[in-house]
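A.B. asks: Submitted below is the structure of interest, expressed as structure tokens.
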Amino acid sequence: MKDSIIFDVDGTIWDSTGVVEDAWNEAFLKLDITDRTVTADELKTLFGRPMEEIIEMIFPNKPLEERKKIGKMCFEYEHAFLRKQAGEVYEGMEETLKRLSEHYELYIVSNCQAGYIETVLHATGFGPYFKDHICPGDSGLLKADNIKLIMEKHQLKDT
């Protein structure tokens with residue numbers, strides 16, 4: 001059994017906040033939300049949390065069903081924008097992943113929506129370096145429980 005490393009995505013592999021800013025603001029306009037925008041800097045303070053929590057923090061006074069609708073549209077736009085223009089991959093990341101994958105099994109666990117990790121792996125071409133990935137959008141579980149799930153599924157060592 002190889003040792004393993006579990007990665008997050010945003011702030012670890014790349015910075016997508018500039019592209020996500022454009023995508024979400026476009027989604028807001030499509031939904032006729034003209035009194036609120038987001039910035040890349042604001043998103044940097046929010047990313048890492050579960051997506052439902054991020055949408056609630058941006059729209060604390062909107063009812064749950066409306067927040068779900070906003071989130072769905074934002075995530076659709078986000079994936080479409082990121083397929084056209086990748087986030088900013090950190091310098092040396094591909095070489096780092098390549099070298100690490102020669103000695104370790106690599107995994108991704110992130111607090112993102114379903115489809116986001118796949119979008120990242122497609123946009124960056126990093127898919128071959130990772131053995132598996134999971135997020136709350138796939139499992140319904142938060143990051144800590146998803147880490148446990150990946151560890152159990154792949155019989156990873158707890159070090």
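Residue numbers start at 1 in each chain; chains themselves are named A, B, ... in the order of the structure tokens; ligands are numbered from 1 in the order shown.
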Check which residues of region 96-126 of chain A sit at most 12 Å from region 58-79 of chain A using only C-alpha atoms, and return one row each with the closest pair of atoms and their distance in Å to one decimal, ordered by chain and rising number, as a Markdown table.
C.D. replies:
```
| residue | atom | partner | partner_atom | distance |
| --- | --- | --- | --- | --- |
| A:Cys112 | CA | A:Phe75 | CA | 9.7 |
| A:Gln113 | CA | A:Phe75 | CA | 7.5 |
| A:Ala114 | CA | A:Phe75 | CA | 9.0 |
| A:Gly115 | CA | A:His79 | CA | 7.7 |
| A:Tyr116 | CA | A:His79 | CA | 6.7 |
| A:Ile117 | CA | A:His79 | CA | 9.9 |
| A:Glu118 | CA | A:His79 | CA | 9.5 |
| A:Thr119 | CA | A:His79 | CA | 6.4 |
| A:Val120 | CA | A:His79 | CA | 8.9 |
| A:Leu121 | CA | A:His79 | CA | 11.8 |
| A:His122 | CA | A:His79 | CA | 10.8 |
| A:Ala123 | CA | A:His79 | CA | 10.0 |
```
A.B. asks: Please give the complete set of residues from chain A that DSSP, run on the backbone, assigns to strand (DSSP E), formatted as JSON, numbers by chain.
C.D. replies: {"A": [4, 5, 6, 7, 14, 15, 88, 89, 105, 106, 107, 108, 109, 130, 131, 132, 133, 134]}
A.B. asks: Could you build a table of the residues in region 35-101 of chain A lying no more than 7 Å from region 17-20 of chain A, giving for each the nearest pair of atoms and their separation in Å rounded to one decimal place, using only C-alpha atoms, ordered by chain and ascending residue number, as CSV?
C.D. replies:
```
residue,atom,partner,partner_atom,distance
A:Ala40,CA,A:Thr17,CA,4.7
A:Leu43,CA,A:Thr17,CA,6.1
A:Lys44,CA,A:Thr17,CA,6.6
A:Glu78,CA,A:Val20,CA,5.6
A:Phe81,CA,A:Val19,CA,6.8
A:Leu82,CA,A:Val19,CA,6.8
A:Gly87,CA,A:Val19,CA,6.4
```
A.B. asks: List the neighbours of region 145-148 of chain A out to 12 Å using only C-alpha atoms; skip same-chain residues closer than 3 positions along the sequence, and give me the result as number ranges by chain.
C.D. replies: A: 4-8, 107-112, 132-142, 151-158
